[in-house]
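Right, one structure below, let's go through it.
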Amino acid sequence: MRETDISVKEILTVFLKIGTFAFGGVYSMLAFFEREIVTKRAWINHDAFAESIVIGQLTPGAPIVNTGIFIGYMLKKVRGALATVVGQVLPSFVLVLIIAYLYIKYKDYVLLRAALKGVGAAVVGLIASVVYNMSNKSLKNYTSIIFAICAFIALAIFKFNPILLIIVAGIAGSIMFGKNVGHGNP
Amino acid sequence: MGILNFFWTLFYINLFTIGGGYVMIPLLQQEVVNHYHWLTEKEFIDSIAIGQVTPGPLTIMNSFIGYKIFGLGGALGAAISTYLPSVIIVIGVSHYYLQFKNSVLVNSIFQGIRPAVIGLLAAVALTLGRASIIDVPTGAIALVSFALLVFVKVEPTFVILGAAITGMLLCS
């Protein structure tokens, strides 16, 4: 990978735009990335974009942020990578500070408490919808269904530490699936 | 030093947030609510909602949590502790991405983690549901939200804003 002529400032500007306007789920954000970076500016081609998505999902942290880091690093090394993080995070960071300030100041107001009561219920629906969508995508055989059920029971009933459960699941996966390659596309 | 402990907690949680921003939720719940008692279950639910309503990644909710507990420094440090490990690891991996992407070991580890994460999130939905679905209106909001997200594919931001307005109308 070699550095490009694109300036860090340009990278920062584009990612600030992404960070400000990319609402919603992973797919709407990826579509935004694709339009801004691949189609409009041709900074990277579609193959490199596909690679950046895969890397984003195979590395720890928020996949979208990681995809951005990978793209930024391809364009302008470490400074490019940092510019994508600042761009993606800064707008929501400022917004979060404002909301946090208001949240603490007005948290005893009846109307805000009522709104948060509704929001709390919606969050449960949201997480359930993530479970539903991920199950449709990833629970394709009995082994994976058993993995999911075991993890559920271990956390919901036995209150095991979830980090420990992720480590155990990773080790179990490497033992059980280590020999049949090719099913693991994210 | 509580604040350093908080940053360290976010740092290692992020190392294990593998396969999506939502994976962070069970890990955060364990450390921030159950272990350190920095937030109540209700405040934790509010943090998720705020992470979801704002543009950009859900993981920005860590900055909300940081502000709530330690103020501005907590918010800033939370952002750094959350994104710094990613920067280091992604840059490290990018030099070897072809080997990494095609590695049998990496892929088989993911085949184990991905379904387990689904089970973990289902358990989170259960515990958060017990805390926030307390009457008929909240039950209805949860069901309608689920249906809108899964079947109509409405953006989560709008679902949460809609739920806030519905909450004001029904629950106050």
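Chain lettering (A, B, ...) mirrors the order of the structure tokens, residue numbering begins at 1 for each chain separately, and ligand numbering begins at 1 in order of display.
Residue neighbourhood of A:Ser129, excluding near-sequence residues (fewer than 2 positions): Leu126, Ile127, Val131 and Tyr132 of chain A; Phe146 and Val150 of chain B, at 6 Å, using only C-alpha atoms.
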(message) Only residues of chain B matter here; which ones have an atom within 6 Å of chain A, counting only C-alpha atoms? Give them as a ChimeraX atom specification.
(response) /B:14-15,17-21,27,45,54-56,64,86,104-105,107-109,111-113,115-116,118-120,123,125,129,132-133,138,141-142,145-146,150,155-157,160,163-164,167-168,171-172
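Using only C-alpha atoms, the shortest contact distance between B:Tyr67 and any of A:Leu102, A:Ile11, A:Asp108, A:Trp43 is found at A:Leu102.
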(request) Go ahead and compute the interatomic distance for atom CA of A:Leu30 and atom CA of B:Pro57, in Å to one decimal. (result) 11.8 Å
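The gap separating atom CA of A:Gly80 from atom CA of A:Val8 is 5.7 Å, in Å to one decimal.
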Within 8 Å of stretch 31-44 of chain B using only C-alpha atoms, minus same-chain residues under 2 positions, as a compact mmCIF listing (two decimals) with C-alpha atoms, in the first residue's frame:
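Saved file out_11.txt follows:
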```txt
# COMPACT_ATOMS: atom_id res chain seq x y z
CA GLY A 120 -36.51 2.05 27.29
CA THR B 9 -12.69 -1.22 31.52
CA LEU B 27 -20.03 -6.72 28.20
CA LEU B 28 -20.83 -3.17 29.28
CA GLN B 29 -23.87 -4.31 31.22
CA ASP B 46 -31.02 5.36 28.35
CA SER B 47 -27.35 5.24 27.28
CA ILE B 48 -28.13 2.65 24.60
CA ILE B 65 -21.66 7.02 30.24
CA ILE B 69 -20.14 9.43 35.84
CA LEU B 128 -33.51 -5.11 30.02
CA ALA B 131 -36.50 -3.52 33.82
CA SER B 132 -38.34 -1.48 31.20
```
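Take atom CA of B:Ile50 and atom CA of B:Val136: the distance between them is 23.7 Å.
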(request) Give the helix (DSSP H, G or I) residues of stretch 12-65 of chain A, as DSSP finds them on the backbone, and put them as an MDAnalysis selection string. (result) chainID A and resid 12:21 26:40 46:58 63:65
